[in-house]
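Asks: Please see the structure below; I have some questions.
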Amino acid sequence: MWATDDVIGLAANIDLGKIAVSKNGLWTEDASGVVFQDDTIKSGVFPCLTGGGYEVRYAFTNFTHAAPAAEIWAGVAAS
């Protein structure tokens with residue numbers, strides 16, 4: 001569950017074809033870590049955000065939390 005003021009992080013590892021998510025800078029909690037993998041990611045990704053009924057604030061320059069550690073990418077996306 002997300003709550004007001006949670007910081008949701010997204011990271012893409014193009015070389016491995018994986019996408020990971022974090023909540024408040026934690027890449028290893030509950031539904032965090034590698035959440036998607038597909039070889040088509042290896043051709044590149046583009047930032048985008050789609051949603052409805054939510055208020056979202058985003059920043060691409062003011063990084064509060066660190067990128068995922070290398071061992072996060074060893075994870076397999078849940079099916």
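By order of appearance in the structure tokens: chains A, B, ..., then residues from 1 within every chain, and ligands from 1 in the order shown.
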So that I can see what lies close to A:Phe36, please list as a ChimeraX atom specification the residues with an atom at most 7 Å from it, counting only C-alpha atoms and leaving out residues fewer than 4 positions away in the same chain.
Replies: /A:18-20,77
Asks: Would you return as a PyMOL selection string the members of chain A that DSSP assigns to strand (DSSP E) on this structure's backbone?
Replies: chain A and resi 8-13+18-23+33-37
Asks: Suppose you want the space between atom CA of A:Leu49 and atom CA of A:Pro68; what is it in Å?
Replies: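 Between these atoms lies a distance of 20.2 Å.
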Asks: Could you please determine the separation between atom CA of A:Ala3 and atom CA of A:Ala31 in Å, to one decimal place?
Replies: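 Computing it gives 14.3 Å between the two atoms.
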Asks: May I ask for the distance between atom CA of A:Gly9 and atom CA of A:Ala67, given in Å to one decimal place?
Replies: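 About the pair atom CA of A:Gly9 and atom CA of A:Ala67: they are 8.5 Å apart.
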Asks: Residues at most 12 Å from A:Ala59, counting only C-alpha atoms, excluding those fewer than 4 positions away in the same chain, as a list in words?
Replies: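 Counting only C-alpha atoms, the residues come to Val7, Ile8, Gly9, Pro47, Phe63, Thr64 and His65 of chain A.
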Asks: Write out, as an mmCIF file, in the first residue's frame, the residues just selected, with N, CA and C atoms.
Replies:
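Dumped to result32.cif:
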data_model
loop_
_atom_site.group_PDB
_atom_site.id
_atom_site.type_symbol
_atom_site.label_atom_id
_atom_site.label_comp_id
_atom_site.auth_asym_id
_atom_site.auth_seq_id
_atom_site.Cartn_x
_atom_site.Cartn_y
_atom_site.Cartn_z
ATOM 1 N N VAL A 7 7.593 7.878 -1.242
ATOM 2 C CA VAL A 7 8.426 8.122 -2.415
ATOM 3 C C VAL A 7 8.573 6.788 -3.140
ATOM 4 N N ILE A 8 8.076 6.727 -4.363
ATOM 5 C CA ILE A 8 8.135 5.514 -5.163
ATOM 6 C C ILE A 8 9.250 5.691 -6.186
ATOM 7 N N GLY A 9 10.209 4.759 -6.172
ATOM 8 C CA GLY A 9 11.338 4.830 -7.098
ATOM 9 C C GLY A 9 11.226 3.768 -8.172
ATOM 10 N N PRO A 47 10.992 7.413 -19.988
ATOM 11 C CA PRO A 47 10.216 7.738 -18.784
ATOM 12 C C PRO A 47 8.803 8.180 -19.159
ATOM 13 N N PHE A 63 17.184 13.888 -6.298
ATOM 14 C CA PHE A 63 17.145 12.496 -5.871
ATOM 15 C C PHE A 63 17.336 12.386 -4.365
ATOM 16 N N THR A 64 16.337 11.824 -3.695
ATOM 17 C CA THR A 64 16.352 11.664 -2.240
ATOM 18 C C THR A 64 16.960 10.333 -1.833
ATOM 19 N N HIS A 65 16.783 9.306 -2.659
ATOM 20 C CA HIS A 65 17.220 7.953 -2.334
ATOM 21 C C HIS A 65 18.200 7.443 -3.382
#
Asks: Using only C-alpha atoms, find the one residue out of A:Ile41, A:Val56, A:Ala66, A:Ala74 that sits nearest to A:Ser22.
Replies: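 The closest residue to A:Ser22 is A:Ala66.
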Asks: Given only C-alpha atoms as the basis, pick out the residue of A:Ser32, A:Thr61, A:Thr50, A:Ser43 nearest to A:Ile14.
Replies: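 Comparing A:Ser32, A:Thr61, A:Thr50, A:Ser43 against A:Ile14, the winner is A:Ser43.
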Asks: Point out the residue among A:Gly51, A:Leu16, A:Phe46, A:Asn62 with the least atom-to-atom distance to A:Val34, counting only C-alpha atoms.
Replies: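 Nearest candidate to A:Val34 out of A:Gly51, A:Leu16, A:Phe46, A:Asn62: A:Leu16.
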